[in-house]
Amino acid sequence: MWRSVLLHEFPDHNIRSFQGLPGTLSPGSLALSPSEGTVLIAPGRSLHYVLDTPLLDVIGVSCLLRVKHPGRVVTSSLRILRLGDAFELSLEPLTTYQALVRIRLRGVWHDIGQLRTPSTHFAELKFDWHTSGKTYLRVDGRLVGYHDALSRGSRLTIEDIAFGSPESDPSSSDPRYQLGEFVVRARSRRAHWPRRHLTVAHTP
């Protein structure tokens with residue numbers, strides 16, 4: 001069964017509240033852009049959520065992210081999302097107007113599609129992976145990447161969810177991006193999940 005691990009659809013227009021399985025938001029990890037109602041991800045500023053109970057035997061991952069990269073062209077690796085130590089989604093330099101979307105599963109990198117950058121508008125990025133190997137990448141509802149045997153048979157452990165790279169040097173000129181609504185879901189072979197979701201409110 002698919003379950004939401006961390007999500008924010010901003011139904012109350014309050015960027016400081018979102019829902020997730022029981023866990024803890026790392027202090028100082030949430031960078032806000034109040035005027036635009038988004039989370040600003042920049043070098044040294046990220047969103048990091050640690051689950052109270054790690055998810056074991058994860059056999060599927062589904063992520064829907066609204067992202068905008070309005071800055072300069074992507075010239076270095078830019079982490080968008082990390083789930084535990086086994087999954088990572090990032091952007092890599094490709095051309096003046098396109099970035100390569102790359103997925104890391106179990107230590108192996110896979111090129112899965114492309115995303116237009118820079119952009120003054122939000123793009124809806126949807127990624128789906130299952131242990132059968134079926135993998136899809138959609139941008140604004142359009143299929144831009146597919147793989148039929150990506151990390152087939154793998155099972156993941158998700159201890160935390162991180163947007164951006166908190167270890168980055170804050171003075172770095174690396175690109176930044178804005179994160180709007182997001183939904184991170186997982187499917188596990190384990191029958192027992194945490195029974196409830198919590199509303200997490202971050203205060204300055």
# chains A, B, ... in the order shown; residues from 1 in each chain; ligands from 1
>>> residues_around(residues="Met1 (chain A)", least_positions_apart="3", cutoff="9 Å", atoms="only C-alpha atoms", output="PyMOL selection string")
chain A and resi 186-189+191
>>> write_last_selection(atoms="N, CA, C and O atoms", output="PDB file, in the first residue's frame")
ATOM      1  N   ALA A 186       5.769   6.400  -0.415  1.00  0.00           N
ATOM      2  CA  ALA A 186       6.557   5.174  -0.478  1.00  0.00           C
ATOM      3  C   ALA A 186       5.642   3.971  -0.353  1.00  0.00           C
ATOM      4  O   ALA A 186       4.550   4.041   0.221  1.00  0.00           O
ATOM      5  N   ARG A 187       6.108   2.862  -0.888  1.00  0.00           N
ATOM      6  CA  ARG A 187       5.393   1.594  -0.765  1.00  0.00           C
ATOM      7  C   ARG A 187       6.336   0.585  -0.145  1.00  0.00           C
ATOM      8  O   ARG A 187       7.485   0.448  -0.566  1.00  0.00           O
ATOM      9  N   SER A 188       5.864  -0.113   0.896  1.00  0.00           N
ATOM     10  CA  SER A 188       6.722  -1.032   1.641  1.00  0.00           C
ATOM     11  C   SER A 188       6.091  -2.412   1.725  1.00  0.00           C
ATOM     12  O   SER A 188       4.859  -2.556   1.717  1.00  0.00           O
ATOM     13  N   ARG A 189       6.962  -3.439   1.812  1.00  0.00           N
ATOM     14  CA  ARG A 189       6.468  -4.805   2.024  1.00  0.00           C
ATOM     15  C   ARG A 189       6.020  -5.003   3.463  1.00  0.00           C
ATOM     16  O   ARG A 189       5.289  -5.951   3.767  1.00  0.00           O
ATOM     17  N   ALA A 191       4.005  -4.706   6.786  1.00  0.00           N
ATOM     18  CA  ALA A 191       2.565  -4.500   7.019  1.00  0.00           C
ATOM     19  C   ALA A 191       2.305  -3.353   7.983  1.00  0.00           C
ATOM     20  O   ALA A 191       1.236  -2.752   7.963  1.00  0.00           O
TER      21      ALA A 191
END
>>> residues_around(residues="Arg102 (chain A)", least_positions_apart="2", cutoff="9 Å", atoms="only C-alpha atoms", output="PDB file with all heavy atoms, in the first residue's frame")
ATOM      1  N   GLU A  88      18.524   9.320  -4.503  1.00  0.00           N
ATOM      2  CA  GLU A  88      18.790  10.742  -4.674  1.00  0.00           C
ATOM      3  C   GLU A  88      18.363  11.179  -6.073  1.00  0.00           C
ATOM      4  O   GLU A  88      18.556  10.446  -7.050  1.00  0.00           O
ATOM      5  CB  GLU A  88      20.278  11.033  -4.481  1.00  0.00           C
ATOM      6  CG  GLU A  88      20.646  12.498  -4.509  1.00  0.00           C
ATOM      7  CD  GLU A  88      22.105  12.747  -4.150  1.00  0.00           C
ATOM      8  OE1 GLU A  88      22.662  11.939  -3.379  1.00  0.00           O
ATOM      9  OE2 GLU A  88      22.670  13.728  -4.650  1.00  0.00           O
ATOM     10  N   LEU A  89      17.760  12.348  -6.157  1.00  0.00           N
ATOM     11  CA  LEU A  89      17.368  12.948  -7.433  1.00  0.00           C
ATOM     12  C   LEU A  89      18.099  14.274  -7.554  1.00  0.00           C
ATOM     13  O   LEU A  89      18.051  15.098  -6.639  1.00  0.00           O
ATOM     14  CB  LEU A  89      15.847  13.150  -7.480  1.00  0.00           C
ATOM     15  CG  LEU A  89      15.221  13.653  -8.785  1.00  0.00           C
ATOM     16  CD1 LEU A  89      13.767  13.179  -8.874  1.00  0.00           C
ATOM     17  CD2 LEU A  89      15.250  15.185  -8.891  1.00  0.00           C
ATOM     18  N   SER A  90      18.791  14.476  -8.663  1.00  0.00           N
ATOM     19  CA  SER A  90      19.576  15.698  -8.814  1.00  0.00           C
ATOM     20  C   SER A  90      19.522  16.200 -10.250  1.00  0.00           C
ATOM     21  O   SER A  90      19.099  15.495 -11.166  1.00  0.00           O
ATOM     22  CB  SER A  90      21.036  15.456  -8.409  1.00  0.00           C
ATOM     23  OG  SER A  90      21.670  14.583  -9.326  1.00  0.00           O
ATOM     24  N   LEU A  91      19.944  17.457 -10.426  1.00  0.00           N
ATOM     25  CA  LEU A  91      20.097  18.047 -11.752  1.00  0.00           C
ATOM     26  C   LEU A  91      21.575  18.158 -12.076  1.00  0.00           C
ATOM     27  O   LEU A  91      22.392  18.498 -11.216  1.00  0.00           O
ATOM     28  CB  LEU A  91      19.458  19.439 -11.801  1.00  0.00           C
ATOM     29  CG  LEU A  91      17.963  19.548 -11.518  1.00  0.00           C
ATOM     30  CD1 LEU A  91      17.513  21.007 -11.673  1.00  0.00           C
ATOM     31  CD2 LEU A  91      17.157  18.644 -12.421  1.00  0.00           C
ATOM     32  N   GLU A  92      21.912  17.864 -13.324  1.00  0.00           N
ATOM     33  CA  GLU A  92      23.290  17.943 -13.785  1.00  0.00           C
ATOM     34  C   GLU A  92      23.356  18.846 -15.014  1.00  0.00           C
ATOM     35  O   GLU A  92      22.397  18.940 -15.787  1.00  0.00           O
ATOM     36  CB  GLU A  92      23.814  16.552 -14.152  1.00  0.00           C
ATOM     37  CG  GLU A  92      23.760  15.534 -13.031  1.00  0.00           C
ATOM     38  CD  GLU A  92      24.732  15.830 -11.913  1.00  0.00           C
ATOM     39  OE1 GLU A  92      25.747  16.515 -12.177  1.00  0.00           O
ATOM     40  OE2 GLU A  92      24.495  15.368 -10.783  1.00  0.00           O
ATOM     41  N   LEU A 100      20.056  17.902 -16.973  1.00  0.00           N
ATOM     42  CA  LEU A 100      19.836  16.459 -16.968  1.00  0.00           C
ATOM     43  C   LEU A 100      19.298  16.039 -15.605  1.00  0.00           C
ATOM     44  O   LEU A 100      19.825  16.446 -14.569  1.00  0.00           O
ATOM     45  CB  LEU A 100      21.150  15.734 -17.254  1.00  0.00           C
ATOM     46  CG  LEU A 100      21.121  14.209 -17.344  1.00  0.00           C
ATOM     47  CD1 LEU A 100      20.310  13.773 -18.558  1.00  0.00           C
ATOM     48  CD2 LEU A 100      22.547  13.673 -17.434  1.00  0.00           C
ATOM     49  N   ARG A 104      19.970   8.430  -8.384  1.00  0.00           N
ATOM     50  CA  ARG A 104      20.908   7.460  -7.779  1.00  0.00           C
ATOM     51  C   ARG A 104      20.100   6.467  -6.953  1.00  0.00           C
ATOM     52  O   ARG A 104      19.359   6.845  -6.052  1.00  0.00           O
ATOM     53  CB  ARG A 104      21.926   8.155  -6.882  1.00  0.00           C
ATOM     54  CG  ARG A 104      22.885   7.170  -6.192  1.00  0.00           C
ATOM     55  CD  ARG A 104      23.918   7.889  -5.344  1.00  0.00           C
ATOM     56  NE  ARG A 104      23.303   8.674  -4.281  1.00  0.00           N
ATOM     57  CZ  ARG A 104      22.926   8.162  -3.100  1.00  0.00           C
ATOM     58  NH1 ARG A 104      23.075   6.877  -2.839  1.00  0.00           N
ATOM     59  NH2 ARG A 104      22.380   8.948  -2.182  1.00  0.00           N
ATOM     60  N   TRP A 109      24.191   5.612 -10.531  1.00  0.00           N
ATOM     61  CA  TRP A 109      23.520   6.770 -11.129  1.00  0.00           C
ATOM     62  C   TRP A 109      22.884   6.385 -12.453  1.00  0.00           C
ATOM     63  O   TRP A 109      23.458   5.636 -13.245  1.00  0.00           O
ATOM     64  CB  TRP A 109      24.512   7.902 -11.351  1.00  0.00           C
ATOM     65  CG  TRP A 109      24.912   8.595 -10.088  1.00  0.00           C
ATOM     66  CD1 TRP A 109      26.046   8.382  -9.356  1.00  0.00           C
ATOM     67  CD2 TRP A 109      24.169   9.602  -9.400  1.00  0.00           C
ATOM     68  NE1 TRP A 109      26.057   9.201  -8.251  1.00  0.00           N
ATOM     69  CE2 TRP A 109      24.921   9.966  -8.253  1.00  0.00           C
ATOM     70  CE3 TRP A 109      22.954  10.245  -9.643  1.00  0.00           C
ATOM     71  CZ2 TRP A 109      24.488  10.928  -7.352  1.00  0.00           C
ATOM     72  CZ3 TRP A 109      22.505  11.210  -8.745  1.00  0.00           C
ATOM     73  CH2 TRP A 109      23.282  11.543  -7.619  1.00  0.00           C
ATOM     74  N   HIS A 110      21.679   6.928 -12.707  1.00  0.00           N
ATOM     75  CA  HIS A 110      20.950   6.678 -13.939  1.00  0.00           C
ATOM     76  C   HIS A 110      20.446   8.012 -14.494  1.00  0.00           C
ATOM     77  O   HIS A 110      19.841   8.795 -13.761  1.00  0.00           O
ATOM     78  CB  HIS A 110      19.740   5.761 -13.695  1.00  0.00           C
ATOM     79  CG  HIS A 110      20.067   4.493 -12.978  1.00  0.00           C
ATOM     80  ND1 HIS A 110      20.397   3.323 -13.648  1.00  0.00           N
ATOM     81  CD2 HIS A 110      20.109   4.202 -11.648  1.00  0.00           C
ATOM     82  CE1 HIS A 110      20.625   2.372 -12.753  1.00  0.00           C
ATOM     83  NE2 HIS A 110      20.459   2.876 -11.546  1.00  0.00           N
ATOM     84  N   ASP A 111      20.693   8.256 -15.780  1.00  0.00           N
ATOM     85  CA  ASP A 111      20.150   9.443 -16.440  1.00  0.00           C
ATOM     86  C   ASP A 111      18.743   9.107 -16.911  1.00  0.00           C
ATOM     87  O   ASP A 111      18.550   8.160 -17.676  1.00  0.00           O
ATOM     88  CB  ASP A 111      21.021   9.851 -17.626  1.00  0.00           C
ATOM     89  CG  ASP A 111      22.438  10.207 -17.194  1.00  0.00           C
ATOM     90  OD1 ASP A 111      22.617  10.542 -16.009  1.00  0.00           O
ATOM     91  OD2 ASP A 111      23.351  10.135 -18.044  1.00  0.00           O
ATOM     92  N   ILE A 112      17.753   9.890 -16.452  1.00  0.00           N
ATOM     93  CA  ILE A 112      16.367   9.498 -16.688  1.00  0.00           C
ATOM     94  C   ILE A 112      15.573  10.488 -17.544  1.00  0.00           C
ATOM     95  O   ILE A 112      14.523  10.156 -18.075  1.00  0.00           O
ATOM     96  CB  ILE A 112      15.654   9.257 -15.324  1.00  0.00           C
ATOM     97  CG1 ILE A 112      14.295   8.563 -15.515  1.00  0.00           C
ATOM     98  CG2 ILE A 112      15.515  10.551 -14.561  1.00  0.00           C
ATOM     99  CD1 ILE A 112      14.387   7.168 -16.038  1.00  0.00           C
ATOM    100  N   GLY A 113      16.054  11.720 -17.696  1.00  0.00           N
ATOM    101  CA  GLY A 113      15.302  12.687 -18.496  1.00  0.00           C
ATOM    102  C   GLY A 113      15.913  14.069 -18.419  1.00  0.00           C
ATOM    103  O   GLY A 113      17.027  14.242 -17.909  1.00  0.00           O
ATOM    104  N   GLN A 114      15.183  15.083 -18.903  1.00  0.00           N
ATOM    105  CA  GLN A 114      15.690  16.444 -18.944  1.00  0.00           C
ATOM    106  C   GLN A 114      14.642  17.414 -18.401  1.00  0.00           C
ATOM    107  O   GLN A 114      13.448  17.147 -18.442  1.00  0.00           O
ATOM    108  CB  GLN A 114      16.060  16.846 -20.376  1.00  0.00           C
ATOM    109  CG  GLN A 114      17.166  15.989 -20.984  1.00  0.00           C
ATOM    110  CD  GLN A 114      17.443  16.349 -22.423  1.00  0.00           C
ATOM    111  OE1 GLN A 114      17.011  17.388 -22.923  1.00  0.00           O
ATOM    112  NE2 GLN A 114      18.173  15.479 -23.110  1.00  0.00           N
TER     113      GLN A 114
END
>>> residues_around(residues="region 144-161 of chain A", least_positions_apart="6", cutoff="9 Å", atoms="only C-alpha atoms", output="number ranges by chain")
A: 5-6, 23, 47-60, 81-87, 105-106, 108, 110-115, 129-138, 184, 188
>>> select_by_dssp(residues="region 5-171 of chain A", states="strand (DSSP E or B)", output="ChimeraX atom specification")
/A:5-8,17-20,23-25,32-33,38-42,45,47-68,78-83,87-93,98-105,108-116,123-130,135-139,142-147,156-163
>>> residues_around(residues="Val183 (chain A)", least_positions_apart="5", cutoff="7 Å", atoms="only C-alpha atoms", output="JSON, numbers by chain")
{"A": [6, 7, 8, 63, 64, 65]}
